[in-house]
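Containing compact mmCIF, C-alpha atoms: data.txt.
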```txt
# COMPACT_ATOMS: atom_id res chain seq x y z
CA MET A 8 0.00 0.00 0.00
CA SER A 9 1.12 3.56 -0.67
CA ALA A 10 1.92 5.82 2.24
CA ASP A 11 -0.16 8.77 1.04
CA THR A 12 -3.74 9.26 -0.11
CA ILE A 13 -4.55 10.79 -3.49
CA ALA A 14 -7.66 12.44 -4.91
CA ALA A 15 -8.81 13.85 -8.23
CA ILE A 16 -11.92 14.98 -10.07
CA ALA A 17 -12.46 11.89 -12.21
CA SER A 18 -15.28 13.13 -14.45
CA PRO A 19 -14.86 15.16 -17.68
CA ALA A 20 -14.36 18.92 -17.43
CA GLY A 21 -17.44 21.11 -17.71
CA PRO A 22 -20.98 20.87 -16.32
CA GLY A 23 -22.92 17.62 -16.20
CA ALA A 24 -25.65 15.82 -14.29
CA ARG A 25 -23.07 14.21 -11.99
CA GLY A 26 -19.40 14.67 -11.23
CA ILE A 27 -16.98 12.33 -9.46
CA VAL A 28 -14.31 12.97 -6.86
CA ARG A 29 -12.16 9.84 -6.50
CA ILE A 30 -9.99 9.08 -3.45
CA SER A 31 -7.50 6.23 -3.01
CA GLY A 32 -5.11 5.38 -0.22
CA PRO A 33 -4.83 4.55 3.48
CA GLY A 34 -6.49 7.81 4.53
CA ALA A 35 -9.65 7.35 2.45
CA ARG A 36 -11.65 5.96 5.37
CA ALA A 37 -10.82 8.88 7.67
CA LEU A 38 -11.51 11.41 4.91
CA VAL A 39 -15.01 10.05 4.29
CA ARG A 40 -15.82 10.16 8.01
CA ALA A 41 -14.57 13.76 8.21
CA LEU A 42 -16.67 14.82 5.21
CA TRP A 43 -19.88 13.04 6.16
CA VAL A 44 -22.85 14.94 7.56
CA GLY A 45 -24.48 12.87 10.30
CA ALA A 46 -23.60 9.32 11.23
CA PRO A 47 -21.04 8.06 8.67
CA PRO A 48 -21.76 4.83 6.77
CA GLU A 49 -20.18 1.55 7.75
CA LEU A 50 -16.89 1.22 5.92
CA VAL A 51 -16.47 -2.53 6.29
CA ARG A 52 -17.44 -4.00 2.93
CA ARG A 53 -18.05 -2.77 -0.59
CA GLY A 54 -21.20 -0.67 -0.77
CA LEU A 55 -23.19 2.23 -2.18
CA VAL A 56 -24.88 4.82 0.08
CA LEU A 57 -26.85 8.05 -0.40
CA GLY A 58 -25.95 10.87 1.96
CA ARG A 59 -24.61 14.39 2.35
CA VAL A 60 -21.09 15.74 2.75
CA ASP A 61 -19.68 19.04 3.99
CA ASP A 62 -17.57 20.73 1.32
CA GLY A 63 -16.39 23.50 3.67
CA ARG A 64 -18.87 26.01 2.25
CA GLY A 65 -22.10 24.08 2.67
CA THR A 66 -23.44 20.58 2.19
CA GLN A 67 -23.93 18.56 -0.97
CA PRO A 68 -25.94 15.40 -1.70
CA VAL A 69 -23.73 12.52 -2.84
CA LEU A 70 -23.97 8.97 -4.01
CA PHE A 71 -21.08 7.38 -2.15
CA LEU A 72 -19.25 4.26 -3.38
CA TRP A 73 -16.89 2.46 -1.02
CA MET A 74 -14.43 -0.15 -2.35
CA PRO A 75 -12.08 -1.39 0.37
CA GLY A 76 -8.63 -2.68 -0.50
CA PRO A 77 -7.08 -4.93 -1.53
CA ARG A 78 -9.99 -5.93 -3.80
CA SER A 79 -10.38 -2.52 -5.42
CA PHE A 80 -9.03 -1.24 -8.72
CA THR A 81 -5.96 0.35 -7.13
CA GLY A 82 -5.53 -2.34 -4.48
CA GLU A 83 -6.13 0.34 -1.80
CA ASP A 84 -9.20 1.69 -0.05
CA VAL A 85 -11.07 3.64 -2.72
CA ALA A 86 -13.93 6.10 -2.21
CA GLU A 87 -15.94 7.80 -4.93
CA LEU A 88 -18.20 10.75 -4.24
CA HIS A 89 -20.75 11.18 -7.03
CA ALA A 90 -21.95 14.75 -6.53
CA PRO A 91 -23.90 17.34 -8.58
CA GLY A 92 -21.93 18.04 -11.75
CA SER A 93 -21.58 21.78 -11.25
CA PRO A 94 -17.89 22.73 -11.70
CA PRO A 95 -17.87 25.15 -8.72
CA LEU A 96 -19.47 22.54 -6.43
CA LEU A 97 -17.02 19.85 -7.58
CA ALA A 98 -14.11 22.25 -7.09
CA ALA A 99 -15.29 23.05 -3.56
CA LEU A 100 -15.61 19.35 -2.71
CA PHE A 101 -12.18 18.58 -4.13
CA GLU A 102 -10.58 21.48 -2.22
CA ARG A 103 -12.18 20.18 0.98
CA VAL A 104 -10.82 16.67 0.36
CA THR A 105 -7.29 17.99 -0.18
CA ALA A 106 -7.58 20.28 2.85
CA LEU A 107 -8.35 17.19 4.94
CA GLY A 108 -5.08 15.55 3.88
CA ALA A 109 -5.39 14.02 0.40
CA ARG A 110 -2.77 14.91 -2.20
CA PRO A 111 -3.88 15.86 -5.74
CA ALA A 112 -3.24 12.83 -7.93
CA ARG A 113 -0.74 13.00 -10.75
CA ALA A 114 -1.74 12.02 -14.27
CA GLY A 115 -2.44 8.27 -14.40
CA GLU A 116 -1.63 7.75 -10.73
CA PHE A 117 -4.75 5.68 -9.94
CA THR A 118 -3.94 3.24 -12.75
CA ARG A 119 -0.26 3.23 -11.81
CA ARG A 120 -1.15 2.23 -8.26
CA ALA A 121 -3.29 -0.60 -9.66
CA PHE A 122 -0.24 -1.72 -11.66
CA GLU A 123 2.19 -1.39 -8.75
CA HIS A 124 -0.10 -3.33 -6.42
CA GLY A 125 -0.43 -6.19 -8.92
CA ARG A 126 -4.08 -5.59 -9.78
CA ILE A 127 -3.28 -5.26 -13.48
CA ASP A 128 -0.19 -5.77 -15.62
CA LEU A 129 1.28 -3.07 -17.84
CA THR A 130 -0.57 -4.25 -20.95
CA ARG A 131 -3.93 -3.79 -19.20
CA ALA A 132 -2.86 -0.40 -17.88
CA GLU A 133 -2.08 0.56 -21.46
CA GLY A 134 -5.55 -0.69 -22.37
CA VAL A 135 -7.01 1.92 -20.00
CA LEU A 136 -4.90 4.58 -21.69
CA GLU A 137 -5.90 3.46 -25.18
CA LEU A 138 -9.58 3.37 -24.26
CA VAL A 139 -9.51 6.93 -22.92
CA ALA A 140 -7.71 8.11 -26.07
CA ALA A 141 -9.89 6.13 -28.53
CA ARG A 142 -11.12 8.29 -31.41
CA ASN A 143 -13.68 5.90 -32.88
CA GLU A 144 -15.47 2.62 -32.26
CA ALA A 145 -12.75 0.53 -33.90
CA GLU A 146 -10.08 1.97 -31.61
CA ALA A 147 -12.35 1.52 -28.57
CA ARG A 148 -12.84 -2.18 -29.42
CA ALA A 149 -9.08 -2.68 -29.88
CA ALA A 150 -8.40 -0.95 -26.54
CA SER A 151 -11.02 -3.10 -24.80
CA GLN A 152 -9.27 -6.25 -26.04
CA LEU A 153 -6.09 -5.06 -24.36
CA LEU A 154 -7.83 -3.91 -21.17
CA LEU A 155 -9.67 -7.21 -20.78
CA GLY A 156 -6.41 -9.14 -20.88
CA GLY A 157 -6.37 -10.43 -24.45
CA LEU A 158 -2.61 -9.90 -24.73
CA GLY A 159 -1.71 -10.24 -21.05
CA SER A 160 -3.29 -13.70 -20.69
CA ARG A 161 -1.53 -14.93 -23.82
CA VAL A 162 1.81 -13.58 -22.61
CA ASP A 163 1.31 -15.23 -19.21
CA GLY A 164 0.72 -18.59 -20.90
CA VAL A 165 3.88 -18.26 -23.00
CA ARG A 166 5.87 -17.13 -19.96
CA ASP A 167 4.82 -20.21 -17.97
CA ALA A 168 5.67 -22.51 -20.87
CA LEU A 169 9.12 -20.91 -21.25
CA ASP A 170 9.79 -21.38 -17.55
CA ASP A 171 8.81 -25.07 -17.74
CA LEU A 172 11.06 -25.62 -20.76
CA ARG A 173 14.02 -23.86 -19.12
CA ALA A 174 13.54 -25.88 -15.94
CA LEU A 175 13.74 -29.10 -17.97
CA CYS A 176 16.93 -27.91 -19.70
CA GLU A 177 18.58 -26.99 -16.42
CA ALA A 178 17.46 -30.20 -14.70
CA SER A 179 18.90 -32.29 -17.54
CA LEU A 180 22.33 -30.72 -16.94
CA ASP A 181 22.66 -32.80 -13.78
CA PHE A 182 21.82 -36.16 -15.35
CA ASP A 183 23.37 -38.48 -17.90
CA GLU A 184 21.27 -39.94 -20.67
CA ALA A 185 20.89 -43.18 -18.71
CA ASP A 186 19.50 -41.39 -15.63
CA THR A 187 15.75 -41.17 -15.05
CA GLY A 188 15.97 -37.39 -14.59
CA HIS A 189 17.35 -36.86 -18.07
CA VAL A 190 15.00 -35.38 -20.71
CA ALA A 191 15.61 -36.50 -24.28
CA PRO A 192 16.65 -33.73 -26.70
CA ARG A 193 13.75 -34.66 -29.01
CA GLU A 194 11.25 -33.96 -26.21
CA LEU A 195 12.87 -30.59 -25.52
CA VAL A 196 12.60 -29.68 -29.22
CA ASP A 197 8.94 -30.77 -29.33
CA ARG A 198 8.15 -28.70 -26.26
CA SER A 199 9.91 -25.67 -27.75
CA ASP A 200 7.79 -26.04 -30.91
CA ARG A 201 4.65 -25.84 -28.77
CA VAL A 202 5.95 -22.72 -27.01
CA ARG A 203 6.77 -21.18 -30.38
CA ALA A 204 3.18 -21.81 -31.55
CA ARG A 205 1.78 -20.05 -28.46
CA LEU A 206 4.13 -17.12 -28.98
CA ALA A 207 3.04 -16.91 -32.64
CA GLU A 208 -0.58 -16.80 -31.47
CA ALA A 209 0.20 -13.85 -29.15
CA LEU A 210 1.97 -12.03 -31.99
CA ALA A 211 -0.93 -12.64 -34.39
CA PHE A 212 -3.40 -11.35 -31.79
CA GLU A 213 -1.47 -8.12 -31.21
CA ARG A 214 -0.88 -7.46 -34.90
CA ALA A 215 -4.57 -7.96 -35.63
CA ARG A 216 -5.53 -5.77 -32.67
CA GLY A 217 -3.16 -3.02 -33.83
CA ALA A 218 -4.57 -3.17 -37.36
CA ALA A 219 -8.11 -2.98 -35.97
CA SER A 220 -7.29 0.26 -34.18
CA GLY A 221 -8.08 2.08 -37.42
CA LEU A 222 -6.49 3.49 -40.53
CA PRO A 223 -4.29 6.59 -40.32
CA ARG A 224 -6.41 9.76 -40.30
CA VAL A 225 -5.46 12.78 -42.41
CA ALA A 226 -7.37 15.96 -41.56
CA LEU A 227 -7.73 18.85 -44.04
CA ALA A 228 -7.58 22.07 -42.03
CA GLY A 229 -7.17 25.76 -42.69
CA ALA A 230 -9.00 29.04 -42.97
CA PRO A 231 -12.53 29.16 -44.45
CA ASN A 232 -12.59 29.21 -48.27
CA ALA A 233 -9.02 27.96 -48.63
CA GLY A 234 -10.30 25.29 -51.04
CA LYS A 235 -10.27 22.35 -48.62
CA SER A 236 -13.47 20.73 -49.90
CA THR A 237 -12.39 21.07 -53.54
CA LEU A 238 -9.05 19.48 -52.69
CA PHE A 239 -10.88 16.77 -50.67
CA ASN A 240 -13.01 15.94 -53.72
CA ALA A 241 -9.97 15.99 -56.01
CA LEU A 242 -8.06 13.52 -53.82
CA LEU A 243 -11.11 11.24 -53.69
CA ARG A 244 -11.77 11.68 -57.44
CA THR A 245 -15.46 12.15 -56.63
CA GLU A 246 -17.84 14.90 -55.49
CA ARG A 247 -18.32 14.07 -51.80
CA ALA A 248 -18.07 17.56 -50.30
CA ILE A 249 -20.23 20.55 -51.27
CA THR A 250 -18.11 23.40 -52.58
CA SER A 251 -19.12 27.05 -52.64
CA PRO A 252 -17.49 30.50 -52.64
CA GLU A 253 -19.55 31.26 -49.53
CA SER A 254 -17.60 31.02 -46.28
CA GLY A 255 -18.71 28.34 -43.81
CA THR A 256 -20.24 25.93 -46.34
CA THR A 257 -18.61 22.96 -44.58
CA ARG A 258 -20.06 22.59 -41.07
CA ASP A 259 -19.99 18.86 -40.55
CA VAL A 260 -16.87 16.69 -40.72
CA LEU A 261 -16.82 14.49 -43.82
CA GLU A 262 -14.86 11.22 -43.80
CA ALA A 263 -13.82 8.97 -46.65
CA GLU A 264 -11.22 6.26 -47.25
CA VAL A 265 -8.69 6.90 -50.00
CA ASP A 266 -5.41 5.48 -51.28
CA LEU A 267 -2.54 7.97 -50.92
CA ASP A 268 0.63 6.84 -52.64
CA GLY A 269 -0.11 3.20 -51.86
CA ARG A 270 -1.22 3.82 -48.27
CA ARG A 271 -4.89 3.48 -47.27
CA VAL A 272 -6.02 6.37 -45.04
CA VAL A 273 -9.16 8.09 -43.78
CA LEU A 274 -9.42 11.62 -45.16
CA LEU A 275 -11.37 14.17 -43.07
CA ASP A 276 -12.73 17.44 -44.47
CA LEU A 277 -13.06 19.81 -41.50
CA PRO A 278 -14.90 23.14 -41.25
CA GLY A 279 -12.63 26.15 -41.82
CA LEU A 280 -10.90 27.18 -38.60
CA ASP A 281 -12.41 30.40 -37.28
CA GLY A 282 -11.60 31.65 -33.79
CA ASP A 283 -14.43 34.24 -33.93
CA ALA A 284 -17.24 31.75 -34.61
CA ARG A 285 -20.40 31.98 -32.51
CA GLY A 286 -23.49 29.83 -31.86
CA LEU A 287 -23.81 26.72 -34.03
CA GLU A 288 -20.63 27.68 -35.87
CA ARG A 289 -18.73 27.62 -32.59
CA ALA A 290 -19.95 24.08 -31.86
CA ALA A 291 -18.76 23.02 -35.31
CA GLN A 292 -15.37 24.61 -34.57
CA GLN A 293 -15.05 22.67 -31.32
CA GLY A 294 -15.78 19.41 -33.13
CA ALA A 295 -13.24 20.29 -35.82
CA ARG A 296 -10.52 20.98 -33.27
CA GLU A 297 -11.19 17.67 -31.50
CA ARG A 298 -10.84 15.81 -34.82
CA LEU A 299 -7.71 17.81 -35.59
CA ALA A 300 -6.09 16.86 -32.29
CA GLY A 301 -6.88 13.19 -32.94
CA ALA A 302 -5.48 13.12 -36.47
CA ASP A 303 -2.32 11.27 -37.48
CA LEU A 304 -1.42 13.97 -40.01
CA VAL A 305 -2.73 17.44 -40.84
CA LEU A 306 -3.07 18.59 -44.44
CA TRP A 307 -2.95 22.35 -43.94
CA VAL A 308 -4.64 24.06 -46.89
CA VAL A 309 -3.79 27.72 -47.63
CA ASP A 310 -5.26 29.80 -50.45
CA ALA A 311 -2.19 30.99 -52.36
CA ALA A 312 -4.26 33.67 -54.15
CA ALA A 313 -5.95 35.19 -51.09
CA GLY A 314 -3.38 37.94 -50.53
CA PRO A 315 -1.25 38.48 -47.40
CA HIS A 316 -1.39 35.65 -44.85
CA ASP A 317 -0.41 35.50 -41.22
CA LEU A 318 0.91 31.98 -41.74
CA ALA A 319 2.63 31.84 -38.37
CA ARG A 320 -0.68 32.50 -36.64
CA GLU A 321 -2.49 29.89 -38.77
CA ARG A 322 0.23 27.38 -37.99
CA ARG A 323 -0.14 27.96 -34.24
CA ALA A 324 -3.88 27.28 -34.54
CA LEU A 325 -3.21 23.74 -35.74
CA ALA A 326 -2.90 20.86 -33.29
CA SER A 327 0.49 20.64 -31.63
CA GLY A 328 2.46 17.41 -31.85
CA VAL A 329 0.79 16.31 -35.12
CA PRO A 330 2.91 16.33 -38.33
CA VAL A 331 1.79 18.79 -41.01
CA VAL A 332 1.99 18.97 -44.81
CA LEU A 333 1.08 22.35 -46.35
CA ALA A 334 -0.95 22.44 -49.58
CA TRP A 335 -0.25 25.85 -51.18
CA ASN A 336 -3.60 25.75 -52.95
CA GLN A 337 -5.32 27.46 -55.88
CA ILE A 338 -2.06 28.15 -57.71
CA ASP A 339 -4.01 28.28 -61.00
CA ARG A 340 -5.23 31.77 -60.12
CA PRO A 341 -3.26 34.74 -61.49
CA SER A 342 -2.86 36.33 -58.04
CA ALA A 343 -1.26 33.23 -56.48
CA GLY A 344 1.87 34.07 -54.49
CA ALA A 345 5.13 32.17 -54.09
CA ALA A 346 5.12 29.13 -51.83
CA PRO A 347 6.68 29.65 -48.35
CA ASP A 348 9.71 27.87 -46.92
CA PRO A 349 8.63 24.64 -45.10
CA ALA A 350 11.37 24.99 -42.45
CA ALA A 351 10.10 28.43 -41.44
CA LEU A 352 6.63 26.98 -40.71
CA ASP A 353 7.73 23.64 -39.21
CA VAL A 354 5.95 21.56 -41.83
CA ALA A 355 7.15 18.37 -43.51
CA GLU A 356 6.68 19.74 -47.03
CA VAL A 357 4.98 22.54 -48.99
CA VAL A 358 3.21 21.33 -52.14
CA PRO A 359 1.74 23.80 -54.70
CA THR A 360 -1.73 22.50 -55.69
CA SER A 361 -4.95 23.33 -57.43
CA GLY A 362 -7.86 21.19 -56.39
CA ALA A 363 -10.02 22.68 -59.16
CA ARG A 364 -7.46 21.89 -61.90
CA GLY A 365 -6.00 18.74 -60.38
CA GLN A 366 -2.50 20.21 -60.28
CA GLY A 367 0.07 18.83 -57.85
CA LEU A 368 -2.14 15.98 -56.59
CA ALA A 369 0.35 13.19 -57.28
CA ARG A 370 3.13 15.08 -55.51
CA LEU A 371 0.76 15.88 -52.63
CA ALA A 372 -0.24 12.21 -52.22
CA HIS A 373 3.44 11.24 -52.18
CA ALA A 374 4.24 13.92 -49.56
CA LEU A 375 1.37 12.76 -47.34
CA GLY A 376 2.42 9.12 -47.67
CA ALA A 377 6.04 9.96 -46.83
CA ALA A 378 5.01 12.02 -43.78
CA LEU A 379 2.82 9.18 -42.51
CA ALA A 380 5.64 6.68 -43.03
CA THR A 381 8.05 8.90 -41.11
CA ALA A 382 5.57 9.33 -38.24
CA ALA A 383 4.94 5.56 -38.11
CA SER A 384 8.68 4.82 -37.88
CA GLU A 385 9.26 7.19 -34.97
CA GLU A 386 8.53 6.55 -31.31
CA GLY A 387 5.37 8.43 -30.48
CA GLY A 388 2.57 9.26 -32.85
CA PRO A 389 -0.95 7.82 -32.58
CA LEU A 390 -1.18 6.14 -29.21
CA ALA A 391 -2.78 2.83 -30.21
CA ARG A 392 -0.18 2.14 -32.88
CA GLU A 393 2.68 3.31 -30.65
CA LEU A 394 1.72 0.84 -27.93
CA ALA A 395 1.09 -1.94 -30.46
CA ARG A 396 4.62 -1.39 -31.82
CA ARG A 397 6.04 -1.74 -28.28
CA HIS A 398 4.15 -4.97 -27.77
CA VAL A 399 5.14 -6.44 -31.14
CA ARG A 400 8.81 -5.50 -30.57
CA GLY A 401 8.79 -7.27 -27.20
CA LEU A 402 7.14 -10.39 -28.61
CA GLU A 403 9.51 -10.50 -31.58
CA CYS A 404 12.55 -10.19 -29.32
CA SER A 405 11.25 -13.08 -27.24
CA ARG A 406 10.62 -15.10 -30.40
CA ALA A 407 14.20 -14.48 -31.60
CA GLU A 408 15.63 -15.77 -28.31
CA LEU A 409 13.36 -18.81 -28.44
CA ALA A 410 14.53 -19.51 -32.01
CA ALA A 411 18.15 -19.32 -30.82
CA ALA A 412 17.38 -21.82 -28.04
CA GLN A 413 15.70 -24.13 -30.54
CA ALA A 414 18.76 -24.01 -32.79
CA VAL A 415 20.96 -25.04 -29.87
CA LEU A 416 18.63 -27.90 -28.92
CA ALA A 417 18.26 -29.14 -32.51
CA SER A 418 22.04 -29.23 -33.00
CA GLY A 419 22.68 -31.02 -29.72
CA GLY A 420 24.46 -27.96 -28.31
CA PRO A 421 25.06 -27.16 -24.63
CA LEU A 422 21.88 -27.18 -22.57
CA ASP A 423 23.10 -24.31 -20.41
CA LEU A 424 23.31 -22.12 -23.56
CA ALA A 425 19.76 -23.10 -24.55
CA ALA A 426 18.60 -22.27 -21.01
CA GLU A 427 20.23 -18.83 -21.22
CA HIS A 428 18.37 -18.03 -24.45
CA LEU A 429 15.13 -19.17 -22.82
CA ARG A 430 15.84 -16.94 -19.81
CA ARG A 431 16.27 -13.97 -22.16
CA ALA A 432 13.02 -14.85 -23.93
CA SER A 433 11.24 -14.80 -20.56
CA ALA A 434 12.91 -11.51 -19.62
CA GLY A 435 11.54 -9.89 -22.79
CA LEU A 436 8.02 -10.92 -21.83
CA ASP A 437 8.55 -9.67 -18.27
CA GLU A 438 9.44 -6.24 -19.64
CA LEU A 439 6.35 -6.29 -21.85
CA ARG A 440 4.12 -7.05 -18.85
CA GLY A 441 5.87 -4.42 -16.72
CA ALA A 442 7.56 -6.80 -14.28
CA THR A 443 11.03 -5.52 -15.21
CA THR A 444 10.18 -2.41 -17.22
CA ALA A 445 12.53 0.54 -16.74
CA GLU A 446 11.18 3.26 -14.46
CA ASP A 447 11.60 6.02 -17.05
CA LEU A 448 9.45 4.08 -19.53
CA LEU A 449 6.76 3.62 -16.89
CA ASP A 450 6.91 7.35 -16.17
CA ARG A 451 6.43 8.15 -19.87
CA ILE A 452 3.49 5.76 -20.21
CA PHE A 453 1.58 6.88 -17.13
CA ALA A 454 2.27 10.57 -17.75
CA ARG A 455 0.03 10.31 -20.82
CA PHE A 456 -3.04 9.50 -18.72
CA CYS A 457 -5.50 12.22 -17.82
CA LEU A 458 -6.07 13.18 -14.18
CA GLY A 459 -8.53 10.94 -12.35
CA LYS A 460 -7.52 7.76 -14.22
```
Would you write the structure of this file as structure tokens?
Amino acid sequence: MSADTIAAIASPAGPGARGIVRISGPGARALVRALWVGAPPELVRRGLVLGRVDDGRGTQPVLFLWMPGPRSFTGEDVAELHAPGSPPLLAALFERVTALGARPARAGEFTRRAFEHGRIDLTRAEGVLELVAARNEAEARAASQLLLGGLGSRVDGVRDALDDLRALCEASLDFDEADTGHVAPRELVDRSDRVRARLAEALAFERARGAASGLPRVALAGAPNAGKSTLFNALLRTERAITSPESGTTRDVLEAEVDLDGRRVVLLDLPGLDGDARGLERAAQQGARERLAGADLVLWVVDAAAGPHDLARERRALASGVPVVLAWNQIDRPSAGAAPDPAALDVAEVVPTSGARGQGLARLAHALGAALATAASEEGGPLARELARRHVRGLECSRAELAAAQAVLASGGPLDLAAEHLRRASAGLDELRGATTAEDLLDRIFARFCLGK
């Protein structure tokens, strides 16, 4: 158990019917008793109680959930206060909880405590992270497979089989072939084949799960009337989006699959970015920015013929941390200006285009494909694929060590060498599950969680 008690507002920001303040740690029991108005509930077994709490400024009705450790998510005593979803009321309740001794939780700290107390392994913790970050139903399903132990249970089975095989190798070192404790090399090879099949099953599961997390998403973004919808139609080679000289024609996000330079992607046509939008337009802008932040690549469309641009300001309005390709669009117009320097705007490439005339489309598709390939090869990028790459790397390293052990066994080589390769194969799986994962990697993984998770 941890020495301190943590708390966080665990519901989404903004108003709602209910909001949640979550508490975990050895002081949770005392905190609930200090908050409660009237006789506090029994805190012996798991339960759900209606009551009122004192937030330091008044009282609030709450639905109280009590989950005593060690059979809670974090492995500690956990309390949840489901209160009215007014941000000021939730803030007051949270301030009262921290004033009574709880420490504000760091990002992902509840899930990290569950991991550190053995309630979940690292793959399931990553499933929580993937589920929170899921952008569509396909990604949510893939995350749920991880969270529910689809990979972890397979890895556990392989790990046990590797341990059994290594134990047989090491035991055989102490016996001659005539001794009853000796295991025939043929049996060791047969057992290693069965372990290899189980490892191949785990690899196939994770590769399929990673593929199911969705195609790369390329979002067309830029100022209203930059020609995004025309370029969208031109890349699709069909009239999917309505085009008009009137600003604000695109309000809803359009999605379509397309092949870009041999790579299948989902193309999104977003409403023009407008920081001054009001009413329904403002809601459309919020939706566009959420899609922009969840994209794998941004295709920034700028009207080359629209006169002076504050390109630096437009660039800052795009999602941070997402690679960008700039389409210097509508170059067929006489007033089109010279394309800017990509380095000055921190974009992967600037491609002169005309969606109306079909100019520059092949070069643009190639630039988008290259940018996606670069992003996929780097650590980071879309979360689901980043974690899937980590899992596949770990499984492949374990498979390579198992193959080395099999080669030693098949050739009649030293059993202690085969056992060492098997130990390394097990160590790779231990790192995958988090049993021996470096602390800095754990810090990077859990830092990506939101507060309250």
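Non-sequential neighbours of Pro341 in chain A (distance at most 12 Å, separation of 6 or more positions within a chain, only C-alpha atoms) are A:Ala311, A:Ala312, A:Ala313, A:Gly314.
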| query | Can you tell me, as a ChimeraX atom specification, what residues are no more than 7 Å from Ala417 in chain A when counting all atoms listed in the file, ignoring any on the same chain fewer than 3 positions away? | reply | /A:196,413-414
| field | Residue neighbourhood His316 in chain A, 12 Å, only C-alpha atoms, exclusion window fewer than 6 positions, as a PyMOL selection string | value | chain A and resi 229-230+233+309-310+322+335+343-347
| field | Residue nearest Ala434 in chain A among A:Asp170, A:Glu446, A:Asp84, A:Glu208 (counting all atoms listed in the file) | value |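 Using all atoms listed in the file, the shortest distance to Ala434 in chain A belongs to A:Asp170.
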| field | Minimum-distance residue to Gly362 in chain A, chosen among A:Val332, A:Leu243, A:Leu439, A:Val85 (using only C-alpha atoms) | value |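 Residue with the minimum atom-to-atom distance to Gly362 in chain A: A:Leu243.
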| note | From CA of Ala350 in chain A to CA of Ala374 in chain A the spacing works out at 15.0 Å
| query | So how many Å separate CA of Leu299 in chain A and CA of Ser93 in chain A, to one decimal? | reply |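 Answer for the CA of Leu299 in chain A to CA of Ser93 in chain A separation: 28.3 Å.
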